[in-house]
file work_10.pdb (PDB, C-alpha atoms)
ATOM      1  CA  MET A 285      13.892 -14.264  14.929
ATOM      2  CA  LYS A 286      10.575 -14.807  16.690
ATOM      3  CA  ALA A 287      12.091 -13.671  20.001
ATOM      4  CA  TYR A 288      13.460 -10.508  18.364
ATOM      5  CA  TYR A 289      10.113  -9.528  16.831
ATOM      6  CA  ASP A 290       8.215 -10.370  20.018
ATOM      7  CA  ARG A 291      10.449  -7.946  21.907
ATOM      8  CA  ARG A 292      10.407  -5.341  19.126
ATOM      9  CA  ALA A 293       6.603  -5.335  18.698
ATOM     10  CA  PRO A 294       5.854  -2.320  20.952
ATOM     11  CA  GLU A 295       8.452  -0.184  19.148
ATOM     12  CA  TYR A 296       8.240  -1.626  15.612
ATOM     13  CA  ASP A 297       6.181   1.266  14.224
ATOM     14  CA  ASP A 298       8.880   3.736  15.334
ATOM     15  CA  TRP A 299      10.628   2.794  12.070
ATOM     16  CA  TYR A 300       7.613   3.833   9.979
ATOM     17  CA  ARG A 301       6.986   6.963  12.059
ATOM     18  CA  GLY A 302      10.616   8.123  12.245
ATOM     19  CA  HIS A 303      10.885   7.942  16.033
ATOM     20  CA  GLY A 304      13.760   6.778  18.225
ATOM     21  CA  PRO A 305      16.829   5.656  16.248
ATOM     22  CA  TRP A 306      15.168   6.779  12.998
ATOM     23  CA  ALA A 307      14.456  10.357  14.106
ATOM     24  CA  ASP A 308      17.469  11.708  12.177
ATOM     25  CA  ARG A 309      16.245  10.310   8.835
ATOM     26  CA  ASP A 310      15.155  12.824   6.137
ATOM     27  CA  ALA A 311      11.564  13.072   7.382
ATOM     28  CA  ALA A 312      10.125  14.976   4.403
ATOM     29  CA  SER A 313      11.514  12.503   1.849
ATOM     30  CA  TRP A 314      10.478   9.516   3.963
ATOM     31  CA  GLU A 315       6.934  10.795   4.577
ATOM     32  CA  ARG A 316       6.433  11.644   0.899
ATOM     33  CA  GLU A 317       7.546   8.234  -0.256
ATOM     34  CA  LEU A 318       5.677   6.389   2.481
ATOM     35  CA  GLY A 319       2.547   8.191   1.268
ATOM     36  CA  GLU A 320       3.285   7.064  -2.297
ATOM     37  CA  LEU A 321       3.756   3.478  -1.111
ATOM     38  CA  VAL A 322       0.486   3.548   0.833
ATOM     39  CA  ALA A 323      -1.294   4.934  -2.250
ATOM     40  CA  ALA A 324       0.123   2.080  -4.358
ATOM     41  CA  ILE A 325      -1.132  -0.471  -1.805
ATOM     42  CA  GLU A 326      -4.564   1.171  -1.688
ATOM     43  CA  ALA A 327      -4.712   1.087  -5.514
ATOM     44  CA  LEU A 328      -4.350  -2.705  -5.641
ATOM     45  CA  PRO A 329      -7.502  -4.347  -7.013
ATOM     46  CA  VAL A 330      -9.773  -5.881  -4.386
ATOM     47  CA  ARG A 331      -8.755  -9.495  -3.759
ATOM     48  CA  THR A 332      -8.921 -12.062  -0.980
ATOM     49  CA  THR A 333      -5.487 -11.424   0.450
ATOM     50  CA  LEU A 334      -3.132 -13.071   2.890
ATOM     51  CA  ASP A 335      -0.641 -10.647   4.418
ATOM     52  CA  ALA A 336       2.211 -13.017   5.270
ATOM     53  CA  ALA A 337       4.384 -11.797   8.170
ATOM     54  CA  CYS A 338       2.147  -8.763   8.715
ATOM     55  CA  GLY A 339       3.940  -7.487  11.807
ATOM     56  CA  THR A 340       1.962  -4.688  13.441
ATOM     57  CA  GLY A 341      -0.364  -4.394  10.436
ATOM     58  CA  PHE A 342       0.974  -0.957   9.484
ATOM     59  CA  LEU A 343       0.760  -1.776   5.752
ATOM     60  CA  THR A 344      -2.020  -4.359   6.147
ATOM     61  CA  ALA A 345      -4.435  -1.580   7.117
ATOM     62  CA  HIS A 346      -4.272  -0.271   3.530
ATOM     63  CA  LEU A 347      -5.266  -3.528   1.799
ATOM     64  CA  SER A 348      -8.822  -3.728   0.482
ATOM     65  CA  GLY A 349     -11.089  -6.741   0.272
ATOM     66  CA  GLU A 350     -11.178  -9.750   2.558
ATOM     67  CA  VAL A 351      -7.829  -9.843   4.380
ATOM     68  CA  THR A 352      -6.168 -12.450   6.581
ATOM     69  CA  ALA A 353      -3.047 -11.284   8.422
ATOM     70  CA  LEU A 354      -0.520 -13.866   9.598
ATOM     71  CA  ASP A 355       2.507 -13.416  11.822
ATOM     72  CA  GLN A 356       4.574 -15.754  14.003
ATOM     73  CA  SER A 357       4.621 -13.182  16.814
ATOM     74  CA  ARG A 358       1.554 -12.918  19.048
ATOM     75  CA  ARG A 359       2.870  -9.617  20.366
ATOM     76  CA  MET A 360       2.980  -8.181  16.830
ATOM     77  CA  LEU A 361      -0.601  -9.317  16.290
ATOM     78  CA  ASP A 362      -1.613  -7.764  19.626
ATOM     79  CA  VAL A 363      -0.360  -4.418  18.307
ATOM     80  CA  ALA A 364      -2.070  -5.030  14.932
ATOM     81  CA  ARG A 365      -5.474  -6.006  16.325
ATOM     82  CA  PRO A 366      -6.839  -2.498  17.120
ATOM     83  CA  ARG A 367      -5.851  -1.086  13.712
ATOM     84  CA  LEU A 368      -7.257  -4.050  11.759
ATOM     85  CA  PRO A 369     -10.965  -4.386  12.587
ATOM     86  CA  GLY A 370     -12.564  -7.015  10.383
ATOM     87  CA  VAL A 371      -9.223  -8.614   9.500
ATOM     88  CA  ARG A 372      -8.730 -12.261  10.460
ATOM     89  CA  LEU A 373      -5.508 -12.545  12.506
ATOM     90  CA  VAL A 374      -3.612 -15.838  12.511
ATOM     91  CA  VAL A 375      -0.509 -16.859  14.457
ATOM     92  CA  GLY A 376       1.591 -18.912  12.068
ATOM     93  CA  ASP A 377       4.800 -19.404  10.131
ATOM     94  CA  ALA A 378       5.047 -17.740   6.698
ATOM     95  CA  LEU A 379       7.458 -20.491   5.619
ATOM     96  CA  ASP A 380       4.848 -23.168   6.369
ATOM     97  CA  LEU A 381       1.511 -21.459   5.734
ATOM     98  CA  PRO A 382      -1.388 -23.090   7.611
ATOM     99  CA  PHE A 383      -3.780 -22.784   4.654
ATOM    100  CA  GLN A 384      -4.950 -25.079   1.879
ATOM    101  CA  ASP A 385      -3.808 -24.709  -1.713
ATOM    102  CA  GLY A 386      -5.491 -21.801  -3.489
ATOM    103  CA  SER A 387      -6.998 -20.335  -0.310
ATOM    104  CA  PHE A 388      -6.368 -16.738  -1.453
ATOM    105  CA  GLU A 389      -6.202 -14.676  -4.627
ATOM    106  CA  ARG A 390      -3.153 -12.724  -3.440
ATOM    107  CA  VAL A 391      -0.311 -13.033  -0.962
ATOM    108  CA  PHE A 392       1.033  -9.664   0.173
ATOM    109  CA  SER A 393       4.247  -9.334   2.137
ATOM    110  CA  GLY A 394       5.875  -6.180   3.451
ATOM    111  CA  HIS A 395       9.491  -6.126   4.628
ATOM    112  CA  PHE A 396       9.660  -9.880   5.182
ATOM    113  CA  TYR A 397      11.196 -11.341   2.031
ATOM    114  CA  GLY A 398      14.317  -9.199   2.456
ATOM    115  CA  HIS A 399      15.038 -10.836   5.827
ATOM    116  CA  LEU A 400      15.092 -14.339   4.363
ATOM    117  CA  GLU A 401      18.302 -16.119   3.484
ATOM    118  CA  PRO A 402      18.191 -17.846   0.060
ATOM    119  CA  GLY A 403      16.849 -21.241   1.184
ATOM    120  CA  ASP A 404      14.097 -19.677   3.264
ATOM    121  CA  GLY A 405      13.311 -17.261   0.433
ATOM    122  CA  ARG A 406      12.659 -20.210  -1.889
ATOM    123  CA  ARG A 407      10.470 -21.850   0.766
ATOM    124  CA  PHE A 408       8.419 -18.690   1.168
ATOM    125  CA  LEU A 409       7.931 -18.301  -2.591
ATOM    126  CA  ALA A 410       6.814 -21.926  -2.910
ATOM    127  CA  GLU A 411       4.326 -21.464  -0.067
ATOM    128  CA  ALA A 412       3.030 -18.163  -1.469
ATOM    129  CA  ARG A 413       2.505 -19.731  -4.903
ATOM    130  CA  ARG A 414       0.784 -22.711  -3.316
ATOM    131  CA  VAL A 415      -1.886 -20.602  -1.622
ATOM    132  CA  ALA A 416      -2.378 -17.811  -4.216
ATOM    133  CA  ASP A 417      -1.800 -16.977  -7.880
ATOM    134  CA  GLU A 418      -0.578 -13.432  -7.207
ATOM    135  CA  LEU A 419       2.245 -12.221  -4.980
ATOM    136  CA  VAL A 420       2.888  -8.578  -4.047
ATOM    137  CA  VAL A 421       6.151  -7.843  -2.223
ATOM    138  CA  VAL A 422       7.192  -4.585  -0.569
ATOM    139  CA  ASP A 423      10.762  -4.323   0.613
ATOM    140  CA  ALA A 424      13.747  -2.041   1.091
ATOM    141  CA  ALA A 425      15.211  -0.329  -1.971
ATOM    142  CA  GLN A 426      18.868  -0.776  -2.897
ATOM    143  CA  ARG A 427      19.162   2.978  -3.565
ATOM    144  CA  HIS A 428      19.703   3.898   0.087
ATOM    145  CA  ALA A 429      21.991   1.009   0.988
ATOM    146  CA  ASP A 430      25.700   0.599   0.342
ATOM    147  CA  VAL A 431      25.484  -3.181  -0.057
ATOM    148  CA  PRO A 432      22.866  -5.596  -1.463
ATOM    149  CA  GLU A 433      22.757  -7.568   1.795
ATOM    150  CA  GLU A 434      24.223  -7.522   5.275
ATOM    151  CA  TRP A 435      23.905  -8.722   8.820
ATOM    152  CA  GLN A 436      22.748  -5.755  10.868
ATOM    153  CA  GLU A 437      23.137  -5.304  14.587
ATOM    154  CA  ARG A 438      19.882  -3.964  15.945
ATOM    155  CA  ARG A 439      19.435  -2.537  19.391
ATOM    156  CA  LEU A 440      16.061  -2.360  21.074
ATOM    157  CA  SER A 441      14.998   0.213  23.634
ATOM    158  CA  ASP A 442      15.518  -2.363  26.401
ATOM    159  CA  GLY A 443      19.236  -2.421  25.478
ATOM    160  CA  SER A 444      19.183  -5.893  23.937
ATOM    161  CA  ARG A 445      21.187  -6.435  20.745
ATOM    162  CA  TRP A 446      20.156  -8.678  17.878
ATOM    163  CA  SER A 447      21.790  -9.775  14.629
ATOM    164  CA  VAL A 448      19.327  -9.532  11.725
ATOM    165  CA  PHE A 449      19.875 -10.505   8.074
ATOM    166  CA  LYS A 450      18.724  -7.790   5.646
ATOM    167  CA  ARG A 451      18.654  -7.545   1.839
ATOM    168  CA  PHE A 452      18.028  -4.504  -0.353
ATOM    169  CA  PHE A 453      16.539  -4.650  -3.845
ATOM    170  CA  THR A 454      16.324  -2.990  -7.181
ATOM    171  CA  PRO A 455      12.907  -3.732  -8.686
ATOM    172  CA  GLU A 456      14.604  -5.714 -11.461
ATOM    173  CA  ARG A 457      16.503  -7.925  -9.024
ATOM    174  CA  LEU A 458      13.422  -8.543  -6.917
ATOM    175  CA  LEU A 459      11.302  -9.415  -9.962
ATOM    176  CA  ALA A 460      14.025 -11.758 -11.250
ATOM    177  CA  GLU A 461      13.934 -13.661  -7.951
ATOM    178  CA  LEU A 462      10.136 -13.798  -8.024
ATOM    179  CA  GLY A 463      10.039 -15.064 -11.615
ATOM    180  CA  GLY A 464       8.920 -11.858 -13.357
ATOM    181  CA  GLY A 465       6.050  -9.441 -13.024
ATOM    182  CA  GLU A 466       5.610  -5.679 -12.789
ATOM    183  CA  VAL A 467       6.925  -2.785 -10.743
ATOM    184  CA  LEU A 468       4.223  -1.030  -8.694
ATOM    185  CA  HIS A 469       6.497   1.393  -6.817
ATOM    186  CA  GLU A 470      10.168   2.283  -7.152
ATOM    187  CA  GLY A 471      11.617   4.830  -4.797
ATOM    188  CA  HIS A 472      14.590   5.737  -2.668
ATOM    189  CA  TRP A 473      13.342   3.806   0.368
ATOM    190  CA  PHE A 474      10.894   1.186  -0.944
ATOM    191  CA  VAL A 475      10.231  -1.123  -3.862
ATOM    192  CA  MET A 476       6.889  -2.819  -4.507
ATOM    193  CA  VAL A 477       6.381  -5.450  -7.183
ATOM    194  CA  ARG A 478       3.658  -7.825  -8.296
ATOM    195  CA  ALA A 479       4.489 -11.318  -9.564
TER
END

call {"tool": "encode", "arguments": {"input": "work_10.pdb", "output": "structure tokens"}}
result
Amino acid sequence: MKAYYDRRAPEYDDWYRGHGPWADRDAASWERELGELVAAIEALPVRTTLDAACGTGFLTAHLSGEVTALDQSRRMLDVARPRLPGVRLVVGDALDLPFQDGSFERVFSGHFYGHLEPGDGRRFLAEARRVADELVVVDAAQRHADVPEEWQERRLSDGSRWSVFKRFFTPERLLAELGGGEVLHEGHWFVMVRA
């Protein structure tokens, strides 16, 4: 997966912005809900936060307080750097976090958990709980998907093709996997929960 995200880094934000393969998506609905999601992230109480698997930092930029952003892809962090002044950037594995127990008050993760197969999902949750008491997860909503999980073929602008595991969630299903908590956003495209 690291190779895929390294190669996708320059075009990753096309998904958020509705460019390229996503240009035919319902832009008004997407933009409205993306704004609601951003508002929910900005409304989180100030905490020392680790954004695990931050990607390009698109969502990270809306976190308040002292933030550390971690990703396994240097190229993703290169894209993130200009939009995240004052944020500590760390190259590392979200399944083996390079931090001591209790290093943060919150772990935030956007569109990462839904790419993890069950064993890796359990590893991530154990690591998140080890380094922080609170976990906030943003991921893809089940409402716009025909299946709860699938292997997707993804094609990058360079023509390369990649097989990527993807899950979609109802807030209830996501909270059940995380061990309970509260729904912070429920929409057509996104879910956001706090455990």

call {"tool": "residues_near_point", "arguments": {"input": "work_10.pdb", "point": "(-1.1, -0.6, 3.2)", "cutoff": "10 Å", "atoms": "all atoms listed in the file", "output": "ChimeraX atom specification"}}
result
/A:318-319,321-328,341-348,392,394,422

call {"tool": "resolve_selection", "arguments": {"input": "work_10.pdb", "expression": "the PyMOL selection byres ((chain A and resi 334) around 6)", "output": "PyMOL selection string"}}
result
chain A and resi 333+335-336+351-353+391

call {"tool": "residues_around", "arguments": {"input": "work_10.pdb", "residues": "Leu354 of chain A", "least_positions_apart": "3", "cutoff": "10 Å", "atoms": "all atoms listed in the file", "output": "list in words"}}
result
Leu334, Asp335, Ala336, Ala337, Cys338, Gly339, Gly341, Val351, Ser357, Arg358, Met360, Leu361, Arg372, Leu373, Val374, Val375, Gly376, Asp377, Ala378, Leu381, Pro382 and Ser393 of chain A

call {"tool": "atom_distance", "arguments": {"input": "work_10.pdb", "atom1": "atom CA of Phe474 of chain A", "atom2": "atom CA of Arg407 of chain A"}}
result
23.1 Å

call {"tool": "atom_distance", "arguments": {"input": "work_10.pdb", "atom1": "atom CA of Ala410 of chain A", "atom2": "atom CA of Ser387 of chain A"}}
result
14.1 Å

call {"tool": "closest_residue", "arguments": {"input": "work_10.pdb", "among": "A:Trp473, A:Ala479, A:Asp385, A:Ala416", "to": "Arg316 of chain A", "atoms": "only C-alpha atoms"}}
result
A:Trp473

call {"tool": "atom_distance", "arguments": {"input": "work_10.pdb", "atom1": "atom CA of Val475 of chain A", "atom2": "atom CA of Gln356 of chain A"}}
result
23.8 Å

call {"tool": "residues_around", "arguments": {"input": "work_10.pdb", "residues": "Glu433 of chain A", "least_positions_apart": "4", "cutoff": "9 Å", "atoms": "all atoms listed in the file", "output": "number ranges by chain"}}
result
A: 398, 429, 449-453
